[in-house]
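Q: Here you go, model18.csv (CSV, C-alpha atoms):
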chain,number,residue,atom,x,y,z
A,1,MET,CA,-30.4,4.2,23.3
A,2,ALA,CA,-30.1,3.7,19.5
A,3,ARG,CA,-28.2,6.9,19.1
A,4,LEU,CA,-25.9,6.0,22.0
A,5,LYS,CA,-25.1,2.6,20.3
A,6,GLN,CA,-24.5,4.4,17.0
A,7,ALA,CA,-22.1,6.9,18.6
A,8,ALA,CA,-20.2,4.1,20.3
A,9,ALA,CA,-19.9,2.2,17.0
A,10,HIS,CA,-18.6,5.4,15.4
A,11,VAL,CA,-16.0,5.9,18.1
A,12,LEU,CA,-14.8,2.3,17.8
A,13,LEU,CA,-14.6,2.7,14.0
A,14,VAL,CA,-12.7,5.9,14.2
A,15,SER,CA,-10.3,4.4,16.8
A,16,VAL,CA,-9.6,1.3,14.6
A,17,PHE,CA,-9.2,3.6,11.5
A,18,LEU,CA,-6.6,5.8,13.3
A,19,CYS,CA,-4.7,2.8,14.6
A,20,LEU,CA,-4.5,1.2,11.2
A,21,ASN,CA,-3.7,4.4,9.5
A,22,SER,CA,-0.8,5.2,11.9
A,23,SER,CA,0.5,1.6,11.7
A,24,LEU,CA,0.5,1.6,7.9
A,25,ASN,CA,2.2,5.0,7.8
A,26,LEU,CA,4.9,4.0,10.2
A,27,MET,CA,5.5,0.7,8.5
A,28,ASN,CA,5.7,2.3,5.1
A,29,LYS,CA,8.0,5.1,6.4
A,30,TRP,CA,10.3,2.5,8.0
A,31,ALA,CA,10.3,0.3,4.9
A,32,LEU,CA,10.8,3.1,2.3
A,33,GLY,CA,13.3,5.0,4.5
A,34,HIS,CA,15.2,3.0,7.1
A,35,ALA,CA,14.9,-0.5,5.6
A,36,GLY,CA,16.1,0.6,2.2
A,37,PHE,CA,13.1,-0.7,0.4
A,38,ARG,CA,12.7,2.4,-1.8
A,39,PHE,CA,10.0,1.2,-4.2
A,40,PRO,CA,6.7,2.9,-3.3
A,41,PHE,CA,5.0,1.9,-6.6
A,42,LEU,CA,5.9,-1.7,-6.1
A,43,LEU,CA,4.7,-1.6,-2.5
A,44,SER,CA,1.4,0.0,-3.5
A,45,SER,CA,1.0,-2.6,-6.3
A,46,CYS,CA,1.6,-5.4,-3.7
A,47,HIS,CA,-1.1,-3.9,-1.5
A,48,MET,CA,-3.6,-3.9,-4.4
A,49,ALA,CA,-2.7,-7.5,-5.5
A,50,PHE,CA,-2.9,-8.8,-1.9
A,51,SER,CA,-6.2,-7.0,-1.3
A,52,PHE,CA,-7.7,-8.6,-4.5
A,53,ALA,CA,-6.5,-12.1,-3.5
A,54,VAL,CA,-7.7,-11.8,0.1
A,55,LEU,CA,-11.1,-10.4,-0.7
A,56,ALA,CA,-11.9,-12.6,-3.7
A,57,PRO,CA,-13.0,-15.7,-1.6
A,58,VAL,CA,-15.5,-13.6,0.3
A,59,ALA,CA,-16.7,-11.5,-2.6
A,60,LEU,CA,-17.2,-14.5,-4.9
A,61,LEU,CA,-19.6,-16.1,-2.4
A,62,ARG,CA,-22.3,-13.8,-3.8
A,63,GLY,CA,-22.4,-15.6,-7.2
A,64,GLY,CA,-21.5,-14.5,-10.7
A,65,GLU,CA,-24.9,-13.1,-11.7
A,66,GLN,CA,-24.9,-10.5,-8.9
A,67,HIS,CA,-21.4,-9.4,-9.8
A,68,ARG,CA,-22.4,-9.1,-13.4
A,69,ARG,CA,-25.4,-6.9,-12.5
A,70,THR,CA,-23.3,-4.7,-10.2
A,71,LEU,CA,-20.5,-4.2,-12.7
A,72,ALA,CA,-22.9,-3.5,-15.5
A,73,ARG,CA,-24.5,-0.8,-13.4
A,74,GLN,CA,-21.5,0.7,-11.7
A,75,TRP,CA,-18.5,0.0,-13.8
A,76,GLY,CA,-17.8,3.7,-14.5
A,77,GLY,CA,-17.6,4.5,-10.8
A,78,ILE,CA,-15.4,1.5,-10.1
A,79,LEU,CA,-13.0,2.5,-12.8
A,80,ALA,CA,-13.0,6.1,-11.5
A,81,ILE,CA,-12.2,5.0,-8.0
A,82,GLY,CA,-9.4,2.7,-9.1
A,83,ALA,CA,-7.9,5.4,-11.3
A,84,PHE,CA,-8.2,8.1,-8.7
A,85,MET,CA,-6.6,6.0,-6.0
A,86,ALA,CA,-3.7,5.0,-8.3
A,87,LEU,CA,-3.1,8.6,-9.5
A,88,ASN,CA,-3.2,9.9,-6.0
A,89,ILE,CA,-0.4,7.6,-5.1
A,90,ALA,CA,1.6,7.9,-8.3
A,91,LEU,CA,1.4,11.7,-8.7
A,92,ASN,CA,2.2,12.3,-5.0
A,93,ASN,CA,5.2,10.0,-5.1
A,94,ILE,CA,6.5,11.6,-8.3
A,95,SER,CA,6.0,15.1,-7.0
A,96,LEU,CA,8.2,14.3,-3.9
A,97,LEU,CA,11.2,14.1,-6.3
A,98,ASP,CA,11.2,17.8,-6.8
A,99,ILE,CA,9.2,19.4,-4.0
A,100,SER,CA,10.0,20.1,-0.4
A,101,LEU,CA,8.1,17.8,2.1
A,102,SER,CA,6.8,20.9,3.9
A,103,LEU,CA,5.1,22.2,0.7
A,104,ASN,CA,3.8,18.8,-0.1
A,105,GLN,CA,2.2,18.5,3.3
A,106,ILE,CA,0.7,22.0,3.1
A,107,ILE,CA,-0.9,21.3,-0.3
A,108,ARG,CA,-2.2,17.9,1.0
A,109,SER,CA,-3.7,19.6,4.1
A,110,ALA,CA,-6.4,21.1,1.8
A,111,ILE,CA,-8.0,17.7,1.4
A,112,PRO,CA,-11.1,18.5,3.5
A,113,VAL,CA,-11.9,21.5,1.3
A,114,VAL,CA,-11.2,19.5,-1.8
A,115,ALA,CA,-13.4,16.6,-0.7
A,116,SER,CA,-16.2,19.0,0.1
A,117,LEU,CA,-16.0,20.6,-3.4
A,118,MET,CA,-15.9,17.1,-5.0
A,119,ALA,CA,-19.0,16.1,-3.0
A,120,MET,CA,-20.8,19.2,-4.4
A,121,LEU,CA,-19.8,18.3,-8.0
A,122,ILE,CA,-20.3,14.5,-7.8
A,123,GLU,CA,-23.0,14.0,-5.2
A,124,SER,CA,-24.7,17.4,-5.2
A,125,LYS,CA,-24.1,17.7,-1.5
A,126,VAL,CA,-23.8,21.4,-0.8
A,127,PRO,CA,-22.3,22.2,2.6
A,128,SER,CA,-23.8,24.9,4.8
A,129,SER,CA,-21.8,28.1,5.1
A,130,GLN,CA,-20.9,27.1,8.7
A,131,GLU,CA,-19.5,23.7,7.6
A,132,ALA,CA,-17.6,25.2,4.6
A,133,ALA,CA,-16.0,27.9,6.9
A,134,SER,CA,-15.0,25.3,9.5
A,135,LEU,CA,-13.4,23.1,6.9
A,136,LEU,CA,-11.4,26.1,5.6
A,137,VAL,CA,-10.3,27.0,9.2
A,138,ILE,CA,-9.2,23.3,9.8
A,139,SER,CA,-7.2,23.2,6.6
A,140,LEU,CA,-5.5,26.6,7.2
A,141,GLY,CA,-4.6,25.6,10.8
A,142,VAL,CA,-3.1,22.3,9.7
A,143,MET,CA,-1.2,24.1,6.9
A,144,LEU,CA,0.4,26.4,9.5
A,145,ALA,CA,1.2,23.5,11.9
A,146,VAL,CA,3.0,21.4,9.2
A,147,TRP,CA,4.9,24.4,7.7
A,148,GLN,CA,8.5,23.7,8.5
A,149,GLY,CA,11.5,24.6,6.5
A,150,ALA,CA,11.7,26.0,2.9
A,151,LEU,CA,8.7,25.9,0.6
A,152,SER,CA,10.3,25.0,-2.7
A,153,GLY,CA,9.4,22.9,-5.6
A,154,LYS,CA,9.5,22.8,-9.4
A,155,PRO,CA,6.2,23.9,-11.1
A,156,TYR,CA,5.5,20.4,-12.4
A,157,ALA,CA,6.0,18.9,-8.9
A,158,ILE,CA,3.6,21.4,-7.4
A,159,ALA,CA,1.0,20.7,-10.1
A,160,PHE,CA,1.4,17.0,-9.6
A,161,CYS,CA,0.9,17.4,-5.8
A,162,MET,CA,-2.2,19.5,-6.4
A,163,ALA,CA,-3.6,17.0,-8.9
A,164,ALA,CA,-2.9,14.1,-6.4
A,165,THR,CA,-4.9,16.0,-3.7
A,166,ILE,CA,-7.8,16.4,-6.2
A,167,CYS,CA,-7.6,12.7,-7.0
A,168,ASN,CA,-7.7,11.8,-3.3
A,169,GLY,CA,-10.9,13.9,-2.9
A,170,GLY,CA,-12.4,12.3,-6.0
A,171,PHE,CA,-11.6,8.8,-4.8
A,172,MET,CA,-13.3,9.3,-1.5
A,173,THR,CA,-16.3,11.1,-3.0
A,174,VAL,CA,-17.0,8.5,-5.7
A,175,SER,CA,-16.5,5.7,-3.1
A,176,SER,CA,-19.1,7.4,-0.9
A,177,LYS,CA,-21.5,7.7,-3.8
A,178,LEU,CA,-21.2,4.0,-4.8
A,179,MET,CA,-21.5,2.7,-1.2
A,180,SER,CA,-24.7,4.8,-0.8
A,181,GLU,CA,-26.1,2.7,-3.6
A,182,LYS,CA,-25.7,-0.5,-1.6
A,183,LEU,CA,-22.2,-1.6,-2.7
A,184,ASP,CA,-20.5,-3.1,0.4
A,185,VAL,CA,-16.9,-2.4,1.3
A,186,VAL,CA,-15.7,-6.0,0.5
A,187,ARG,CA,-17.0,-5.9,-3.1
A,188,LEU,CA,-15.8,-2.3,-3.5
A,189,GLY,CA,-12.3,-3.3,-2.5
A,190,PHE,CA,-12.5,-6.5,-4.7
A,191,TYR,CA,-13.5,-4.5,-7.8
A,192,VAL,CA,-11.2,-1.5,-7.3
A,193,ALA,CA,-8.0,-3.4,-6.5
A,194,PRO,CA,-7.2,-4.7,-10.0
A,195,VAL,CA,-8.0,-1.4,-11.5
A,196,SER,CA,-5.6,0.4,-9.2
A,197,LEU,CA,-3.0,-2.4,-9.8
A,198,ALA,CA,-3.3,-2.0,-13.6
A,199,CYS,CA,-2.7,1.8,-13.2
A,200,LEU,CA,0.2,1.5,-10.7
A,201,PHE,CA,2.2,-1.3,-12.1
A,202,PRO,CA,3.4,0.6,-15.2
A,203,PHE,CA,4.9,3.2,-12.9
A,204,PHE,CA,6.9,0.4,-11.2
A,205,LEU,CA,8.1,-0.8,-14.5
A,206,MET,CA,9.1,2.7,-15.5
A,207,TYR,CA,10.7,4.1,-12.3
A,208,GLU,CA,11.7,1.1,-10.1
A,209,LEU,CA,12.2,-2.1,-12.0
A,210,ASP,CA,15.9,-1.8,-12.7
A,211,ALA,CA,16.7,-0.7,-9.1
A,212,PHE,CA,14.6,-3.5,-7.6
A,213,SER,CA,16.3,-6.1,-9.8
A,214,ALA,CA,19.6,-5.1,-8.3
A,215,TYR,CA,18.1,-4.9,-4.7
A,216,TRP,CA,16.2,-8.2,-4.7
A,217,PRO,CA,19.0,-10.8,-4.8
A,218,ALA,CA,20.7,-9.6,-1.6
A,219,ASN,CA,17.6,-8.7,0.3
A,220,ARG,CA,15.0,-11.3,-0.5
A,221,ARG,CA,13.9,-12.1,3.0
A,222,ILE,CA,13.5,-8.5,4.2
A,223,ALA,CA,11.8,-7.5,1.0
A,224,ALA,CA,9.3,-10.4,1.1
A,225,ALA,CA,8.5,-9.6,4.8
A,226,ILE,CA,8.0,-6.0,4.0
A,227,MET,CA,5.6,-6.7,1.1
A,228,LEU,CA,3.6,-9.3,3.0
A,229,LEU,CA,3.3,-7.5,6.3
A,230,SER,CA,2.5,-4.1,4.9
A,231,SER,CA,0.0,-5.6,2.5
A,232,LEU,CA,-1.8,-7.3,5.4
A,233,VAL,CA,-2.1,-4.0,7.3
A,234,ALA,CA,-3.1,-2.2,4.1
A,235,VAL,CA,-6.0,-4.5,3.3
A,236,CYS,CA,-7.3,-4.0,6.9
A,237,TYR,CA,-6.8,-0.2,6.6
A,238,ASN,CA,-8.6,0.0,3.2
A,239,LEU,CA,-11.6,-1.8,4.6
A,240,ALA,CA,-11.7,0.5,7.7
A,241,HIS,CA,-11.3,3.5,5.4
A,242,SER,CA,-14.2,2.4,3.2
A,243,LEU,CA,-16.3,1.8,6.3
A,244,MET,CA,-15.5,5.4,7.5
A,245,ILE,CA,-16.6,6.8,4.2
A,246,LYS,CA,-19.8,4.8,4.2
A,247,HIS,CA,-20.9,5.4,7.8
A,248,ILE,CA,-19.4,8.8,8.6
A,249,SER,CA,-19.0,10.5,5.2
A,250,ALA,CA,-16.0,11.3,2.9
A,251,VAL,CA,-15.6,14.8,4.2
A,252,ALA,CA,-15.7,13.8,7.9
A,253,THR,CA,-13.1,11.1,7.2
A,254,THR,CA,-10.7,13.8,5.9
A,255,VAL,CA,-11.4,15.8,9.0
A,256,VAL,CA,-10.4,12.8,11.1
A,257,GLY,CA,-7.2,12.5,9.1
A,258,GLU,CA,-6.4,16.1,9.7
A,259,PHE,CA,-7.0,15.6,13.4
A,260,LYS,CA,-4.5,12.7,13.4
A,261,ILE,CA,-1.8,14.8,11.8
A,262,LEU,CA,-2.4,17.5,14.5
A,263,ALA,CA,-2.3,14.9,17.3
A,264,LEU,CA,1.0,13.5,16.0
A,265,ILE,CA,2.6,16.9,15.9
A,266,VAL,CA,1.5,17.7,19.5
A,267,LEU,CA,2.4,14.3,20.9
A,268,SER,CA,5.8,14.3,19.3
A,269,ALA,CA,6.5,17.7,20.8
A,270,PHE,CA,5.5,16.7,24.3
A,271,LEU,CA,6.4,12.9,24.4
A,272,LEU,CA,9.5,12.8,22.2
A,273,GLY,CA,11.2,15.9,23.6
A,274,GLU,CA,10.7,18.0,20.6
A,275,ARG,CA,9.3,21.1,22.3
A,276,SER,CA,12.2,23.2,21.1
A,277,GLU,CA,11.0,22.6,17.5
A,278,PHE,CA,7.5,23.7,18.4
A,279,THR,CA,7.5,27.2,16.9
A,280,ALA,CA,5.0,30.0,17.4
A,281,LYS,CA,3.7,29.4,13.9
A,282,MET,CA,3.0,25.7,14.7
A,283,THR,CA,1.3,26.7,18.0
A,284,ALA,CA,-0.9,29.2,16.1
A,285,GLY,CA,-1.7,26.5,13.5
A,286,CYS,CA,-2.7,24.0,16.2
A,287,VAL,CA,-4.9,26.4,18.0
A,288,LEU,CA,-6.6,27.5,14.7
A,289,ALA,CA,-7.1,23.8,13.7
A,290,LEU,CA,-8.6,22.9,17.1
A,291,LEU,CA,-11.0,25.8,16.8
A,292,GLY,CA,-12.0,24.5,13.3
A,293,PHE,CA,-12.5,21.0,14.7
A,294,GLY,CA,-14.8,22.3,17.4
A,295,TRP,CA,-16.7,24.4,15.0
A,296,TYR,CA,-17.1,21.5,12.5
A,297,SER,CA,-18.3,19.2,15.3
A,298,GLN,CA,-20.8,21.7,16.6
A,299,THR,CA,-22.1,22.2,13.1
A,300,LYS,CA,-22.5,18.5,12.3
A,301,LEU,CA,-24.2,17.9,15.7
A,302,ALA,CA,-26.6,20.7,15.1
A,303,GLU,CA,-27.4,19.3,11.6
A,304,ALA,CA,-28.0,15.8,13.1
A,305,THR,CA,-30.3,17.3,15.8
A,306,ARG,CA,-32.4,19.1,13.2
A,307,GLU,CA,-32.6,16.0,11.0
A,308,GLN,CA,-33.8,13.9,14.1
A,309,GLN,CA,-36.4,16.5,14.9
A,310,ARG,CA,-37.7,16.4,11.2
A,311,ARG,CA,-38.0,12.6,11.4
A,312,GLU,CA,-39.9,12.7,14.7
A,313,ALA,CA,-42.2,15.5,13.7
A,314,PRO,CA,-44.7,13.4,11.7
A,315,ARG,CA,-44.9,10.8,14.5
A,316,SER,CA,-45.9,13.5,17.0
A,317,GLU,CA,-48.7,14.6,14.7
What's the structure tokens form of this structure?

A:
Amino acid sequence: MARLKQAAAHVLLVSVFLCLNSSLNLMNKWALGHAGFRFPFLLSSCHMAFSFAVLAPVALLRGGEQHRRTLARQWGGILAIGAFMALNIALNNISLLDISLSLNQIIRSAIPVVASLMAMLIESKVPSSQEAASLLVISLGVMLAVWQGALSGKPYAIAFCMAATICNGGFMTVSSKLMSEKLDVVRLGFYVAPVSLACLFPFFLMYELDAFSAYWPANRRIAAAIMLLSSLVAVCYNLAHSLMIKHISAVATTVVGEFKILALIVLSAFLLGERSEFTAKMTAGCVLALLGFGWYSQTKLAEATREQQRREAPRSE
């Protein structure tokens, strides 16, 4: 019964995570593309500032002494998470200036493999050969599925995109490590937000300030609405993302993200009348990724069963 409740809780968490992830992606895409709010560094900075402001009243209920002890013990990890998060956003956005979107997505599709490698380095969690192979199959399948158009990019942009992917894996892995040491998701978000804001805001000043100064006077209402609404969704998404990492694991969270990408590709083909754009290469990629998802799920279920049997063995004796 307990395992059934846990499974139901995980299904609910994954569903909420996917809904918030899709909502935030769609809102950001609309704002940065169709609404003319072309200031990704400012938008991400707003998300961090809003997150800090919203979480502060809850986090500060614990009292200053507990925060002092936590920061004294885990300040290095908190700084690393904030920097990884900011660099992931910044380097990826800069790379998009001189790299094709297709190549960017292909590189970013390697995140499950990167997260697994980072878990080995940071948490000493060595995956089984079955798990490692399934993650590789998933990544290769999604790479094929998202491969559309020319694969072009300047060397610096490719390097930045690869670095952003590594930072993404580092952010998730260090988050997992800190939360395994009894740091809850509210305090994690509260501590990390100002660090990420301090890292992101200089990019806004460097790349976007002049353009935003010209944009703001004629678009105050729409700009304010975009910053407020997307920040509200972002803080909910960041909490759900941290809960996913805490309760399901960083690597499994990346696998869920890959599944979402694949699901969007398939749904857009069949529900939005884009079947003609669904090439043989995309079909092969989807099939390969689905095989990888099945393999990964079977591997994790087998590991969970063996772990349960080990726990119950002493009781039977």

Q: Using all atoms listed in the file, determine which residues lie at most 12 Å from Lys182 in chain A, disregarding the query and same-chain residues fewer than 6 positions distant; provide the list as a PyMOL selection string.

A: chain A and resi 70+73-74+175-176+188+246

Q: Rank nothing, just name the residue among A:Leu243, A:Gly33, A:Ala218, A:Ile94 nearest to Ile158 in chain A, using all atoms listed in the file.

A: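 Counting all atoms listed in the file, the residue closest to Ile158 in chain A is A:Ile94.
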
Q: Would you mind reading off the distance between CA of Ala115 in chain A and CA of Ser249 in chain A, one decimal, in Å?

A: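 So the two atoms, CA of Ala115 in chain A and CA of Ser249 in chain A, lie 10.2 Å apart.
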
Q: For Ser95 in chain A, which residue out of A:Gln309, A:Thr165, A:Asn219, A:Ser116 is the nearest one, using only C-alpha atoms?

A: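 Looking only at the distances to Ser95 in chain A, the closest residue turns out to be A:Thr165.
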
Q: Can you list, as a PDB file with C-alpha atoms, keeping the file's coordinate frame, every protein, DNA or RNA residue that comes within 9 Å of Ala234 in chain A when you count only C-alpha atoms, leaving out same-chain residues fewer than 6 positions away?

A:
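Full text of selection-v2.pdb as output:
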ATOM      1  CA  LEU A  20      -4.500   1.200  11.200  1.00  0.00           C
ATOM      2  CA  ASN A  21      -3.700   4.400   9.500  1.00  0.00           C
ATOM      3  CA  LEU A  24       0.500   1.600   7.900  1.00  0.00           C
ATOM      4  CA  HIS A  47      -1.100  -3.900  -1.500  1.00  0.00           C
ATOM      5  CA  MET A  48      -3.600  -3.900  -4.400  1.00  0.00           C
ATOM      6  CA  PHE A  50      -2.900  -8.800  -1.900  1.00  0.00           C
ATOM      7  CA  SER A  51      -6.200  -7.000  -1.300  1.00  0.00           C
TER       8      SER A  51
END

Q: Measuring between all atoms listed in the file, which one of A:Ile245, A:Val54, A:Ile107, A:Leu200 shows the shortest distance to Leu144 in chain A?

A: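 Nearest to Leu144 in chain A: A:Ile107.
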
Q: Looking at A:Val137, A:Ala164, A:Leu87, A:Leu32, which one is nearest to Trp295 in chain A, with distances taken over all atoms listed in the file?

A: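 Looking at the shortest contact to Trp295 in chain A, the residue is A:Val137.
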
Q: Interatomic distance between CA of Asn92 in chain A and CA of Asn104 in chain A?

A: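 Pair CA of Asn92 in chain A / CA of Asn104 in chain A returns 8.3 Å.
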
Q: Skipping near chain neighbours, those fewer than 2 positions away, what residues fall within 12 Å of Ala263 in chain A using all atoms listed in the file, listed as a VMD selection string?

A: chain A and resid 18 22 142 145 to 146 256 to 261 265 to 271 286 to 287 289 to 290

Q: Take CA of Ile106 in chain A and CA of Trp147 in chain A and report the distance between them in Å, one decimal.

A: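 Result for CA of Ile106 in chain A versus CA of Trp147 in chain A: 6.7 Å, one decimal.
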
Q: Out of A:Met162, A:Leu301, A:Leu135, A:Val126, which residue has the shortest atom-to-atom distance to Arg108 in chain A when counting all atoms listed in the file?

A: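 Of A:Met162, A:Leu301, A:Leu135, A:Val126, the one nearest Arg108 in chain A is A:Met162, counting all atoms listed in the file.
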
Q: Write out as a compact mmCIF listing (two decimals) with C-alpha atoms, in the frame of the given file the residues lying within 10 Å of Ala198 in chain A, counting only C-alpha atoms and excluding same-chain residues fewer than 2 positions away.

A:
# COMPACT_ATOMS: atom_id res chain seq x y z
CA SER A 45 1.00 -2.60 -6.30
CA MET A 48 -3.60 -3.90 -4.40
CA ALA A 49 -2.70 -7.50 -5.50
CA GLY A 82 -9.40 2.70 -9.10
CA ALA A 83 -7.90 5.40 -11.30
CA ALA A 86 -3.70 5.00 -8.30
CA ALA A 193 -8.00 -3.40 -6.50
CA PRO A 194 -7.20 -4.70 -10.00
CA VAL A 195 -8.00 -1.40 -11.50
CA SER A 196 -5.60 0.40 -9.20
CA LEU A 200 0.20 1.50 -10.70
CA PHE A 201 2.20 -1.30 -12.10
CA PRO A 202 3.40 0.60 -15.20
CA PHE A 203 4.90 3.20 -12.90

Q: Here is a test: counting all atoms listed in the file, which residue of A:Ile138, A:Leu291, A:Cys167, A:Ala240 is nearest to Leu91 in chain A?

A: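 Of the candidates, the smallest distance to Leu91 in chain A is held by A:Cys167.
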
Q: Counting only C-alpha atoms, what is within 7 Å of Ser139 in chain A, bar same-chain residues fewer than 3 positions away, as number ranges by chain?

A: A: 109-110, 112, 135-136, 142-143

Q: Could range 114-125 of chain A be completed with N, CA and C atoms and returned as a PDB file, in the frame of the given file?

A:
ATOM      1  N   VAL A 114     -11.110  20.170  -0.523  1.00  0.00           N
ATOM      2  CA  VAL A 114     -11.200  19.500  -1.800  1.00  0.00           C
ATOM      3  C   VAL A 114     -12.315  18.465  -1.820  1.00  0.00           C
ATOM      4  N   ALA A 115     -12.379  17.652  -0.766  1.00  0.00           N
ATOM      5  CA  ALA A 115     -13.400  16.600  -0.700  1.00  0.00           C
ATOM      6  C   ALA A 115     -14.805  17.238  -0.631  1.00  0.00           C
ATOM      7  N   SER A 116     -14.942  18.369   0.053  1.00  0.00           N
ATOM      8  CA  SER A 116     -16.200  19.000   0.100  1.00  0.00           C
ATOM      9  C   SER A 116     -16.648  19.555  -1.279  1.00  0.00           C
ATOM     10  N   LEU A 117     -15.683  20.111  -2.020  1.00  0.00           N
ATOM     11  CA  LEU A 117     -16.000  20.600  -3.400  1.00  0.00           C
ATOM     12  C   LEU A 117     -16.332  19.417  -4.299  1.00  0.00           C
ATOM     13  N   MET A 118     -15.606  18.293  -4.157  1.00  0.00           N
ATOM     14  CA  MET A 118     -15.900  17.100  -5.000  1.00  0.00           C
ATOM     15  C   MET A 118     -17.287  16.560  -4.652  1.00  0.00           C
ATOM     16  N   ALA A 119     -17.677  16.603  -3.373  1.00  0.00           N
ATOM     17  CA  ALA A 119     -19.000  16.100  -3.000  1.00  0.00           C
ATOM     18  C   ALA A 119     -20.092  17.012  -3.618  1.00  0.00           C
ATOM     19  N   MET A 120     -19.819  18.301  -3.743  1.00  0.00           N
ATOM     20  CA  MET A 120     -20.800  19.200  -4.400  1.00  0.00           C
ATOM     21  C   MET A 120     -20.910  18.819  -5.886  1.00  0.00           C
ATOM     22  N   LEU A 121     -19.775  18.534  -6.542  1.00  0.00           N
ATOM     23  CA  LEU A 121     -19.800  18.300  -8.000  1.00  0.00           C
ATOM     24  C   LEU A 121     -20.352  16.876  -8.291  1.00  0.00           C
ATOM     25  N   ILE A 122     -20.005  15.884  -7.476  1.00  0.00           N
ATOM     26  CA  ILE A 122     -20.300  14.500  -7.800  1.00  0.00           C
ATOM     27  C   ILE A 122     -21.647  14.046  -7.144  1.00  0.00           C
ATOM     28  N   GLU A 123     -21.860  14.428  -5.887  1.00  0.00           N
ATOM     29  CA  GLU A 123     -23.000  14.000  -5.200  1.00  0.00           C
ATOM     30  C   GLU A 123     -24.083  15.043  -4.940  1.00  0.00           C
ATOM     31  N   SER A 124     -23.801  16.257  -5.403  1.00  0.00           N
ATOM     32  CA  SER A 124     -24.700  17.400  -5.200  1.00  0.00           C
ATOM     33  C   SER A 124     -24.992  17.668  -3.745  1.00  0.00           C
ATOM     34  N   LYS A 125     -23.999  17.412  -2.894  1.00  0.00           N
ATOM     35  CA  LYS A 125     -24.100  17.700  -1.500  1.00  0.00           C
ATOM     36  C   LYS A 125     -23.481  19.055  -1.188  1.00  0.00           C
TER      37      LYS A 125
END
